[in-house]
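Take a look at the structure below.
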Amino acid sequence: MLDHRRPCTSGSRQIAERLFLSTRTVASHLARVCRKLNVPSRPGLAEALYAAHEGSS
């Protein structure tokens, strides 16, 4: 099973290496997601995704 919180707690470098992207691309996408969800930080994003996942179960 895929851990939906992992992208938020992993570093941009690890995510970029795994997806064959630049670290800047990863950071940009995560920042955009945080803005759209009105979440101030990546740890907050992990919490928001976890809460959304738990609410949909």
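Each chain in the structure tokens gets a letter, A, B, ..., in the order shown, and its residues are numbered from 1; ligands are numbered from 1 in order too.
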Alpha helix (DSSP H) call set, DSSP backbone run, chain A, as number ranges by chain: A: 6-9, 12-19, 23-36, 42-56
Quick one: of A:Gly44, A:His53, A:Arg13, A:Leu37, who's nearest to Thr25 in chain A, counting only C-alpha atoms?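 Looking at the shortest contact to Thr25 in chain A, the residue is A:Arg13.
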Please compute the CA of Leu49 in chain A-CA of Arg18 in chain A distance, one decimal, in Å.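 Between these atoms lies a distance of 20.5 Å.
Taking CA of Cys34 in chain A and CA of Ser56 in chain A as the two end points, the separation is 19.6 Å.
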I'd like the contact shell of Ala16 in chain A - 8 Å cut-off, only C-alpha atoms, skipping same-chain residues fewer than 5 positions apart - returned as a ChimeraX atom specification. /A:21-23,25-26
Atomic distance CA of Lys36 in chain A - CA of Leu19 in chain A, expressed in Å with one decimal: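 That distance, rounded to one decimal, is 22.3 Å.
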